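Notes follow the structure.
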Amino acid sequence: MKFTLSWLKEHLNADATIDEVVEAMTLAGLEVEGVENPAERLAAFSIAKVVSAEKHPDADRLKVCQVETRDGLKQIVCGAPNARAGMTVAFAPLGAYIPGLDFSLDKKPRKIRGVESSGMMCSSKELEMGDDHAGIMDLDDSFEMGMSLADALDLNGPVIDFEVTPNRPDWLGVDNIARDLAATGLGPWITPAVKPVKGSFPCPVKIETDAPDACPVFAGRVISGLKNGPSPEWLQTRLKAIGLRPISALVDITNLISYDRARPLHVYDVAKLSGTIRARLGTGETFEALDDKEYTCSTDMCVIADDARVLGLGGVMGGTYSGVTAETTDVFIESAYFDPLRTRRTGRATGITSDAKYRFERGVDTGFVLGGLEMATGLVLDLCGGEASEIYVAGAVPAAPAPIEFDPALNKRLTGFDLSDKDMISILETLGFGVKSGKIWTVSVPSHRRDCTMGADLVEEIARIHGLHNMVAESLPVPSGRREPLATDVQNKIRKARRALAGQGLSEAVTWSFVAQAQAELFGGGDESLQLDNPISPELSTMRPSALIHLLLAGQKSADKGYTGAALFEAGPTYQSPKPDGQSPTIAGMRRTETTRHWQGNVAPDAFTAKADAVSALKAMGAKIDTLQTAKPTGAYWHPGRSGRLQMGPKNVLADFGELHPGVLKAMGIEGRVCAFEIWPANIPPTRKKSKTKGALALSDLMPVHRDFAFIVSEDTPADKLLRAVKGADKALITDVILFDVYRGKGVEIGYNSLALDVTLSPKIETLTDKDIETVSAKIIAQAGKIGAVLRG
């Protein structure tokens with residue numbers, strides 16, 4: 001929502017500066033997003049006069065213009081079709097920033113098709129003053145050459161842009177913004193009352209509302225004998241300042257009232273109407289809207305239609321057929337109230353975005369239906385002339401909001417503000433509420449404030465106007481005795497792991513802690529002591545030994561419904577015995593193969609995918625990944641050749657990972673291959689409190705050296721064992737060891753593998769000599785030999 005400072009002061013009698021207004025708005029809860037002064041943005045632009053416009057000697061669509069500017073006579077090459085001698089234009093000198101094009105002109109003249117050009121004549125779109133970019137701006141000839149463009153167009157007023165919260169649709173009108181600022185003490189609210197216009201003849205256009213739920217009240221009147229044309233300069237300037245394009249006097253009047261009083265209106269050309277105008281529900285008709293697109297009106301949309309056709313979507317957008325033009329002499333002005341929910345659904349279904357829809361879907365002031373019509377009538381008669389008919393109303397204006405029974409003591413109890421009754425009454429009455437005081441106040445709610453329904457809402461109004469910045473901060477009482485941490489070390493680890501797994505692309509699930517007896521037995525459980533005495537169902541009869549069970553079932557259920565690539569994880573307890581220490585926290589996850597029609601085939605997760613997920617979670621929980629050992633899992637539900645275990649020593653198991661056993665999957669009715677992991681966070685050593693200061697950064701200026709080794713080892717020797725042995729040969733120099741090749745075949749005996757390693761040597765003090773490298777190599781070979789590895793010849 002945008003408005004100018006001068007516009008605001010038509011409703012607020014205050015000498016406040018722009019900074020004071022912004023501060024008052026912020027303290028009152030109006031979130032100001034920015035303040036823009038068009039004069040600053042347009043400082044480089046000035047008024048210029050085109051002396052001559054000749055055809056470019058080497059381009060049919062270009063003209064060479066001699067332009068009188070405040071910097072003297074300038075030659076400008078222009079491609080605008082409307083460029084001509086004698087016109088008054090907006091001139092941009094060399095080096096000026098063009099906001100609508102987001103670039104700056106060169107600081108030196110440049111040649112265009114061989115002809116030098118010094119500056120630019122701008123269109124309204126290039127200056128962000130409209131949408132017209134077919135030609136340059138043709139300004140009023142009365143403007144003096146050389147004067148500032150901002151002064152000429154009266155664009156010196158700051159423009160405030162703020163965010164309107166969904167519960168405050170009244171803030172979409174400048175008068176209600178002024179009302180809130182008046183309540184803060186910035187100045188009195190001076191919005192004049194709307195003067196009714198007495199009709200001189202019965203309204204010749206009949207209106208009906210056949211859908212009272214969608215349009216409870218529909219009012220209108222005819223104004224005949226008017227002359228539609230451009231709106232006056234003051235109105236065009238006001239609309240341009242907030243980014244609206246002036247169209248015609250009639251349209252500009254409706255836009256003005258929409259922003260000034262948050263009251264959308266619509267104007268129809270009476271000559272194009274046929275019979276009675278009705279607000280009804282659609283029946284599948286189509287119509288062309290003002291955005292030049294065709295829409296189908298479904299049965300849950302409110303439409304405005306006459307006896308011949310649909311004229312528009314109620315509260316959303318009108319149609320092109322009945323729109324007003326320069327030839328229009330008789331108009332029908334519509335002022336109605338449309339159901340916010342239906343308006344929002346219509347806008348979502350059609351994709352239409354309009355100022356009217358933005359206001360109606362939030363809820364406009366039901367008490368200003370007739371007031372808005374009267375205000376529009378007065379402006380039309382003043383600017384376009386004509387004669388007004390009597391007002392015709394179909395339906396009934398919705399009832400005013402119910403009064404609120406308010407205990408004034410509630411204010412202090414909820415906010416701590418000890419305000420007098422007089423101060424609270426003053427705030428509420430300035431905001432438009434009516435107060436009947438007593439022990440319990442009866443507060444009448446204005447029709448534009450339907451967001452207030454209870455005493456707490458009134459307390460909020462009093463508090464924000466008095467100023468939440470005036471609230472004294474008081475700490476809660478400190479409990480006596482020793483205070484325990486809010487979360488345990490394991491709980492904090494699990495929280496970090498959940499974030500890490502979500503970052504891996506897995507979705508978190510929350511499943512039952514009960515499983516079927518047969519399923520528990522597949523995962524090493526099923527002890528009679530863990531069976532429930534009174535299970536919910538036979539499928540949930542025993543405590544789960546593994547969180548993987550329901551994840552697998554959920555993944556299969558998703559696959560049955562067409563989503564084959566389920567990737568899920570869960571953090572929760574598993575149960576080994578009914579004893580107090582028989583419950584342990586676990587984190588389990590699984591991935592299925594996603595079936596897709598792609599030239600690269602299906603993307604199938606494998607044991608290494610599961611390992612990467614497990615390592616990601618372990619790293620987030622503070623486990624030292626580099627020190628972990630790899631072994632075979634002991635669970636019978638893991639695939640014997642495609643699974644592994646991560647452990648810290650032979651007894652402290654942190655995680656199992658890999659593919660699940662095909663027999664287990666078949667017994668559970670799970671189709672396809674599934675890779676998974678299980679983590680036991682309680683087995684991770686407690687995280688030490690980190691120092692607030694970082695350690696010294698140790699970087700070497702010397703280049704690292706890479707050496708490759710190939711060792712022959714037996715097939716039953718884990719590669720991890722060899723990697724650890726090699727890395728331990730010289731911990732000071734060897735910073736990394738990578739396995740980059742595994743070979744079986746000619747030259748390697750059956751039962752053995754050739755493992756190729758890339759060893760990184762990082763010197764710290766001086767460059768390594770050949771002798772140094774040979775010494776380290778000998779250590780590596782000797783260390784590998786301790787585990788039975790032999791250097792391959």
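Residues in the structure tokens are numbered from 1 in each chain, the chains being A, B, ... in the order shown, and ligands are numbered from 1 in the order shown.
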
Practice prompt. Would you kindly return, as a ChimeraX atom specification, each protein, DNA or RNA residue with an atom no farther than 9 Å from any atom of segment 59-72 of chain A, considering only C-alpha atoms and excluding same-chain residues fewer than 2 positions away?
Written response: /A:46-57,74-81,83-85,91,93,113,115,117,145-147

Produce a file of the selected residues containing N, CA and C atoms, as a PDB file, in the first residue's frame.
ATOM      1  N   SER A  46      15.021  16.862 -16.649  1.00  0.00           N
ATOM      2  CA  SER A  46      14.507  18.221 -16.765  1.00  0.00           C
ATOM      3  C   SER A  46      13.607  18.352 -17.984  1.00  0.00           C
ATOM      4  N   ILE A  47      12.951  19.500 -18.062  1.00  0.00           N
ATOM      5  CA  ILE A  47      12.075  19.793 -19.204  1.00  0.00           C
ATOM      6  C   ILE A  47      12.911  20.314 -20.365  1.00  0.00           C
ATOM      7  N   ALA A  48      12.640  19.788 -21.560  1.00  0.00           N
ATOM      8  CA  ALA A  48      13.356  20.213 -22.764  1.00  0.00           C
ATOM      9  C   ALA A  48      12.353  20.419 -23.896  1.00  0.00           C
ATOM     10  N   LYS A  49      12.758  21.184 -24.925  1.00  0.00           N
ATOM     11  CA  LYS A  49      11.902  21.481 -26.080  1.00  0.00           C
ATOM     12  C   LYS A  49      12.579  20.957 -27.351  1.00  0.00           C
ATOM     13  N   VAL A  50      11.821  20.235 -28.169  1.00  0.00           N
ATOM     14  CA  VAL A  50      12.349  19.713 -29.430  1.00  0.00           C
ATOM     15  C   VAL A  50      12.261  20.815 -30.476  1.00  0.00           C
ATOM     16  N   VAL A  51      13.420  21.238 -30.970  1.00  0.00           N
ATOM     17  CA  VAL A  51      13.463  22.320 -31.969  1.00  0.00           C
ATOM     18  C   VAL A  51      13.191  21.772 -33.364  1.00  0.00           C
ATOM     19  N   SER A  52      13.800  20.615 -33.665  1.00  0.00           N
ATOM     20  CA  SER A  52      13.576  20.003 -34.988  1.00  0.00           C
ATOM     21  C   SER A  52      13.713  18.492 -34.856  1.00  0.00           C
ATOM     22  N   ALA A  53      13.105  17.777 -35.788  1.00  0.00           N
ATOM     23  CA  ALA A  53      13.169  16.315 -35.814  1.00  0.00           C
ATOM     24  C   ALA A  53      13.251  15.873 -37.263  1.00  0.00           C
ATOM     25  N   GLU A  54      14.478  15.493 -37.705  1.00  0.00           N
ATOM     26  CA  GLU A  54      14.706  15.093 -39.092  1.00  0.00           C
ATOM     27  C   GLU A  54      14.978  13.596 -39.173  1.00  0.00           C
ATOM     28  N   LYS A  55      14.652  13.006 -40.319  1.00  0.00           N
ATOM     29  CA  LYS A  55      14.874  11.581 -40.532  1.00  0.00           C
ATOM     30  C   LYS A  55      16.369  11.258 -40.493  1.00  0.00           C
ATOM     31  N   HIS A  56      16.686  10.151 -39.825  1.00  0.00           N
ATOM     32  CA  HIS A  56      18.074   9.700 -39.744  1.00  0.00           C
ATOM     33  C   HIS A  56      18.554   9.312 -41.140  1.00  0.00           C
ATOM     34  N   PRO A  57      19.764   9.733 -41.536  1.00  0.00           N
ATOM     35  CA  PRO A  57      20.233   9.436 -42.900  1.00  0.00           C
ATOM     36  C   PRO A  57      20.485   7.957 -43.169  1.00  0.00           C
ATOM     37  N   LYS A  74      21.164  20.356 -27.767  1.00  0.00           N
ATOM     38  CA  LYS A  74      21.733  19.017 -27.838  1.00  0.00           C
ATOM     39  C   LYS A  74      21.156  18.265 -29.031  1.00  0.00           C
ATOM     40  N   GLN A  75      22.001  17.436 -29.644  1.00  0.00           N
ATOM     41  CA  GLN A  75      21.543  16.563 -30.731  1.00  0.00           C
ATOM     42  C   GLN A  75      21.274  15.178 -30.151  1.00  0.00           C
ATOM     43  N   ILE A  76      20.044  14.678 -30.358  1.00  0.00           N
ATOM     44  CA  ILE A  76      19.650  13.393 -29.799  1.00  0.00           C
ATOM     45  C   ILE A  76      19.046  12.535 -30.894  1.00  0.00           C
ATOM     46  N   VAL A  77      19.547  11.308 -31.015  1.00  0.00           N
ATOM     47  CA  VAL A  77      18.961  10.340 -31.943  1.00  0.00           C
ATOM     48  C   VAL A  77      17.868   9.582 -31.190  1.00  0.00           C
ATOM     49  N   CYS A  78      16.650   9.604 -31.752  1.00  0.00           N
ATOM     50  CA  CYS A  78      15.491   9.050 -31.050  1.00  0.00           C
ATOM     51  C   CYS A  78      14.723   8.087 -31.952  1.00  0.00           C
ATOM     52  N   GLY A  79      14.258   6.975 -31.362  1.00  0.00           N
ATOM     53  CA  GLY A  79      13.490   5.994 -32.125  1.00  0.00           C
ATOM     54  C   GLY A  79      12.011   6.055 -31.864  1.00  0.00           C
ATOM     55  N   ALA A  80      11.546   7.004 -31.056  1.00  0.00           N
ATOM     56  CA  ALA A  80      10.117   7.094 -30.744  1.00  0.00           C
ATOM     57  C   ALA A  80       9.336   7.570 -31.958  1.00  0.00           C
ATOM     58  N   PRO A  81       8.221   6.910 -32.276  1.00  0.00           N
ATOM     59  CA  PRO A  81       7.455   7.324 -33.463  1.00  0.00           C
ATOM     60  C   PRO A  81       6.769   8.673 -33.297  1.00  0.00           C
ATOM     61  N   ALA A  83       8.103  11.386 -31.885  1.00  0.00           N
ATOM     62  CA  ALA A  83       9.033  12.512 -31.788  1.00  0.00           C
ATOM     63  C   ALA A  83       8.768  13.498 -32.923  1.00  0.00           C
ATOM     64  N   ARG A  84       8.637  14.768 -32.550  1.00  0.00           N
ATOM     65  CA  ARG A  84       8.326  15.801 -33.555  1.00  0.00           C
ATOM     66  C   ARG A  84       8.832  17.147 -33.066  1.00  0.00           C
ATOM     67  N   ALA A  85       8.954  18.071 -33.983  1.00  0.00           N
ATOM     68  CA  ALA A  85       9.385  19.419 -33.627  1.00  0.00           C
ATOM     69  C   ALA A  85       8.292  20.118 -32.823  1.00  0.00           C
ATOM     70  N   PHE A  91      13.956  15.214 -20.495  1.00  0.00           N
ATOM     71  CA  PHE A  91      15.310  15.054 -21.010  1.00  0.00           C
ATOM     72  C   PHE A  91      16.211  14.435 -19.959  1.00  0.00           C
ATOM     73  N   PRO A  93      20.203  13.783 -19.263  1.00  0.00           N
ATOM     74  CA  PRO A  93      21.530  14.151 -19.758  1.00  0.00           C
ATOM     75  C   PRO A  93      22.480  12.952 -19.754  1.00  0.00           C
ATOM     76  N   ARG A 113      24.239   4.647 -35.430  1.00  0.00           N
ATOM     77  CA  ARG A 113      24.244   4.569 -36.897  1.00  0.00           C
ATOM     78  C   ARG A 113      25.001   5.739 -37.520  1.00  0.00           C
ATOM     79  N   VAL A 115      25.599   8.740 -36.309  1.00  0.00           N
ATOM     80  CA  VAL A 115      25.212  10.090 -35.900  1.00  0.00           C
ATOM     81  C   VAL A 115      25.372  10.194 -34.389  1.00  0.00           C
ATOM     82  N   SER A 117      24.867  11.200 -30.568  1.00  0.00           N
ATOM     83  CA  SER A 117      23.694  11.472 -29.741  1.00  0.00           C
ATOM     84  C   SER A 117      24.150  11.819 -28.335  1.00  0.00           C
ATOM     85  N   MET A 145      11.156  25.506 -20.195  1.00  0.00           N
ATOM     86  CA  MET A 145      12.345  24.727 -20.536  1.00  0.00           C
ATOM     87  C   MET A 145      13.397  24.868 -19.439  1.00  0.00           C
ATOM     88  N   GLY A 146      13.979  23.746 -19.041  1.00  0.00           N
ATOM     89  CA  GLY A 146      15.035  23.749 -18.054  1.00  0.00           C
ATOM     90  C   GLY A 146      14.582  23.474 -16.635  1.00  0.00           C
ATOM     91  N   MET A 147      13.277  23.566 -16.363  1.00  0.00           N
ATOM     92  CA  MET A 147      12.818  23.330 -15.000  1.00  0.00           C
ATOM     93  C   MET A 147      12.897  21.838 -14.667  1.00  0.00           C
TER      94      MET A 147
END

Item to complete: Can you pull out every residue within 12 Å of Leu381 of chain A, counting only C-alpha atoms, but drop anything in the same chain fewer than 4 positions away, and send it as a list in words?
Response: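 Here the qualifying residues turn out to be Val197, Lys198, Gly199, Val222, Ile223, Ser224, Gly225, Leu226, Lys227, Asn228, Ala249, Leu250, Ile253, Asp330, Val331, Glu374, Met375, Ala376, Thr377, Gly385, Gly386, Glu387, Ala388 and Ser389 of chain A.
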
Would you put the residues from that selection into a file with C-alpha atoms, as a PDB file, in the first residue's frame?
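Result saved to selection-v2.pdb:
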ATOM      1  CA  VAL A 197     -26.287  13.773  -3.608  1.00  0.00           C
ATOM      2  CA  LYS A 198     -30.033  13.880  -4.073  1.00  0.00           C
ATOM      3  CA  GLY A 199     -31.167  12.111  -7.227  1.00  0.00           C
ATOM      4  CA  VAL A 222     -27.093   6.225 -13.010  1.00  0.00           C
ATOM      5  CA  ILE A 223     -25.415   9.494 -13.966  1.00  0.00           C
ATOM      6  CA  SER A 224     -26.511  10.738 -17.359  1.00  0.00           C
ATOM      7  CA  GLY A 225     -25.281  13.479 -19.651  1.00  0.00           C
ATOM      8  CA  LEU A 226     -21.668  13.412 -18.479  1.00  0.00           C
ATOM      9  CA  LYS A 227     -18.498  13.922 -20.508  1.00  0.00           C
ATOM     10  CA  ASN A 228     -15.700  11.441 -19.924  1.00  0.00           C
ATOM     11  CA  ALA A 249     -11.799  10.619 -15.349  1.00  0.00           C
ATOM     12  CA  LEU A 250     -14.361   7.911 -14.537  1.00  0.00           C
ATOM     13  CA  ILE A 253     -12.270   8.419  -9.706  1.00  0.00           C
ATOM     14  CA  ASP A 330     -24.397   7.698 -19.305  1.00  0.00           C
ATOM     15  CA  VAL A 331     -22.908   5.462 -16.616  1.00  0.00           C
ATOM     16  CA  GLU A 374     -22.249   9.060  -2.776  1.00  0.00           C
ATOM     17  CA  MET A 375     -18.579  10.065  -2.796  1.00  0.00           C
ATOM     18  CA  ALA A 376     -18.132   8.779  -6.342  1.00  0.00           C
ATOM     19  CA  THR A 377     -21.285  10.578  -7.445  1.00  0.00           C
ATOM     20  CA  GLY A 385     -20.816  16.926 -15.192  1.00  0.00           C
ATOM     21  CA  GLY A 386     -24.150  15.217 -15.735  1.00  0.00           C
ATOM     22  CA  GLU A 387     -27.202  14.483 -13.636  1.00  0.00           C
ATOM     23  CA  ALA A 388     -27.579  11.804 -10.964  1.00  0.00           C
ATOM     24  CA  SER A 389     -30.501   9.450 -10.460  1.00  0.00           C
TER      25      SER A 389
END

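For the pair atom CA of Met1 of chain A and atom CA of Thr26 of chain A, the separation is 14.5 Å.
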
Fill in: Polymer residues at most 6 Å from Thr542 of chain A, only C-alpha atoms, same-chain spacing of 2 or more positions, as a PyMOL selection string
chain A and resi 514-515+517+530-532

Taking only segment 387-426 of chain A into account, list the residues labelled alpha helix (DSSP H) by DSSP (computed from the backbone), as a compact mmCIF listing (two decimals) with C-alpha atoms, in the first residue's frame.
# COMPACT_ATOMS: atom_id res chain seq x y z
CA ALA A 409 -9.11 -3.94 34.27
CA LEU A 410 -8.25 -6.46 31.55
CA ASN A 411 -5.88 -3.94 29.99
CA LYS A 412 -3.53 -3.84 33.00
CA ARG A 413 -3.78 -7.59 33.55
CA LEU A 414 -2.69 -8.40 30.00
CA THR A 415 -0.22 -5.60 29.27
CA ASP A 421 -10.31 5.18 31.99
CA LYS A 422 -10.20 8.57 30.28
CA ASP A 423 -7.06 7.68 28.29
CA MET A 424 -8.43 4.30 27.21
CA ILE A 425 -11.77 5.80 26.17
CA SER A 426 -9.97 8.52 24.22

Fill in: Test item: residues at most 9 Å from segment 234-246 of chain A, only C-alpha atoms, excluding those fewer than 6 positions along its chain, as a ChimeraX atom specification
/A:1-4,7,38,128-131,153-155,157-161,252-253,255-256

Worksheet entry | Backbone-only DSSP, strand (DSSP E or B) members of segment 608-757 of chain A, as a PyMOL selection string | chain A and resi 629-631+638-648+652-660+674-679+705-714+734-743+752-757

Fill in: Ser447 of chain A environment, 6 Å, only C-alpha atoms, sequence neighbours closer than 5 positions dropped, as a ChimeraX atom specification
/A:365,367,400

Fill in: Nearest residue to Asn156 of chain A from the set A:Glu36, A:His133, A:Val174, A:Ala725 (distances using only C-alpha atoms)
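That would be A:Glu36, the residue with the smallest distance to Asn156 of chain A.
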
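If only C-alpha atoms are the atoms counted, then among A:Cys297, A:Leu101, A:Glu460, A:Leu761 the closest residue to Thr735 of chain A is A:Leu761.
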
Discussion item. Would you pick out the contacts of segment 103-105 of chain A at 8 Å or less, using only C-alpha atoms, so that residues sharing its chain but fewer than 6 positions from it are not included, and give the list as JSON, numbers by chain?
Written reply: {"A": [93, 94, 95, 96, 97, 119]}

Deliver the residues from the most recent selection as a file, using all heavy atoms, as a PDB file, in the first residue's frame.
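Generated output (out34.pdb):
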ATOM      1  N   PRO A  93      20.203  13.783 -19.263  1.00  0.00           N
ATOM      2  CA  PRO A  93      21.530  14.151 -19.758  1.00  0.00           C
ATOM      3  C   PRO A  93      22.480  12.952 -19.754  1.00  0.00           C
ATOM      4  O   PRO A  93      22.158  11.874 -19.250  1.00  0.00           O
ATOM      5  CB  PRO A  93      21.980  15.213 -18.749  1.00  0.00           C
ATOM      6  CG  PRO A  93      21.291  14.825 -17.480  1.00  0.00           C
ATOM      7  CD  PRO A  93      19.958  14.265 -17.896  1.00  0.00           C
ATOM      8  N   LEU A  94      23.651  13.154 -20.312  1.00  0.00           N
ATOM      9  CA  LEU A  94      24.660  12.095 -20.320  1.00  0.00           C
ATOM     10  C   LEU A  94      25.006  11.695 -18.889  1.00  0.00           C
ATOM     11  O   LEU A  94      25.144  12.537 -18.002  1.00  0.00           O
ATOM     12  CB  LEU A  94      25.919  12.581 -21.049  1.00  0.00           C
ATOM     13  CG  LEU A  94      25.758  12.866 -22.546  1.00  0.00           C
ATOM     14  CD1 LEU A  94      27.036  13.494 -23.106  1.00  0.00           C
ATOM     15  CD2 LEU A  94      25.430  11.590 -23.307  1.00  0.00           C
ATOM     16  N   GLY A  95      25.118  10.376 -18.660  1.00  0.00           N
ATOM     17  CA  GLY A  95      25.454   9.869 -17.336  1.00  0.00           C
ATOM     18  C   GLY A  95      24.270   9.644 -16.424  1.00  0.00           C
ATOM     19  O   GLY A  95      24.434   9.114 -15.319  1.00  0.00           O
ATOM     20  N   ALA A  96      23.054  10.023 -16.846  1.00  0.00           N
ATOM     21  CA  ALA A  96      21.869   9.882 -15.993  1.00  0.00           C
ATOM     22  C   ALA A  96      21.466   8.416 -15.880  1.00  0.00           C
ATOM     23  O   ALA A  96      21.573   7.642 -16.840  1.00  0.00           O
ATOM     24  CB  ALA A  96      20.716  10.699 -16.548  1.00  0.00           C
ATOM     25  N   TYR A  97      20.986   8.045 -14.681  1.00  0.00           N
ATOM     26  CA  TYR A  97      20.486   6.683 -14.444  1.00  0.00           C
ATOM     27  C   TYR A  97      19.016   6.630 -14.847  1.00  0.00           C
ATOM     28  O   TYR A  97      18.203   7.448 -14.403  1.00  0.00           O
ATOM     29  CB  TYR A  97      20.642   6.302 -12.980  1.00  0.00           C
ATOM     30  CG  TYR A  97      20.012   4.975 -12.632  1.00  0.00           C
ATOM     31  CD1 TYR A  97      20.588   3.771 -13.036  1.00  0.00           C
ATOM     32  CD2 TYR A  97      18.815   4.921 -11.914  1.00  0.00           C
ATOM     33  CE1 TYR A  97      20.005   2.557 -12.724  1.00  0.00           C
ATOM     34  CE2 TYR A  97      18.232   3.713 -11.591  1.00  0.00           C
ATOM     35  CZ  TYR A  97      18.827   2.531 -12.002  1.00  0.00           C
ATOM     36  OH  TYR A  97      18.232   1.326 -11.704  1.00  0.00           O
ATOM     37  N   GLY A 119      22.476  12.331 -24.960  1.00  0.00           N
ATOM     38  CA  GLY A 119      21.367  12.293 -24.016  1.00  0.00           C
ATOM     39  C   GLY A 119      20.213  11.448 -24.523  1.00  0.00           C
ATOM     40  O   GLY A 119      20.344  10.674 -25.479  1.00  0.00           O
TER      41      GLY A 119
END

Practice prompt. Could you check how far atom CA of Ala682 of chain A sits from atom CA of Pro580 of chain A, in Å to one decimal?
Written response: 14.9 Å

Discussion item. Rounded to one decimal, what separation in Å do you get between atom CA of Glu334 of chain A and atom CA of Val380 of chain A?
Written reply: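 Separating atom CA of Glu334 of chain A from atom CA of Val380 of chain A is a distance of 13.3 Å.
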
Fill in: Proximity to Ala219 of chain A - best of A:Asp269, A:Asp180, A:Glu144, A:Glu390, only C-alpha atoms
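When distances to Ala219 of chain A are compared using only C-alpha atoms, the smallest one comes from A:Glu390.
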
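Using only C-alpha atoms, the protein and nucleic acid residues lying no more than 8 Å from Pro538 of chain A, apart from those fewer than 3 places from it along its own chain, are Ala516, Pro535 and Ser541 of chain A.
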
Discussion item. Nearest residue to Leu428 of chain A out of A:Lys779, A:Arg179, A:Lys9, A:Arg221, using only C-alpha atoms?
Written reply: A:Arg179

Worksheet, complete the sentence: Using only C-alpha atoms, the shortest atom-to-atom distance to Lys651 of chain A among A:Met301, A:Asp758, A:Gly622, A:Ala631 belongs to A:Ala631

Discussion item. Counting only C-alpha atoms, which residue out of A:Glu31, A:Glu484, A:Asp141, A:Asp708 sits closest to Thr165 of chain A?
Written reply: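 Closest to Thr165 of chain A of all the choices is A:Glu31.
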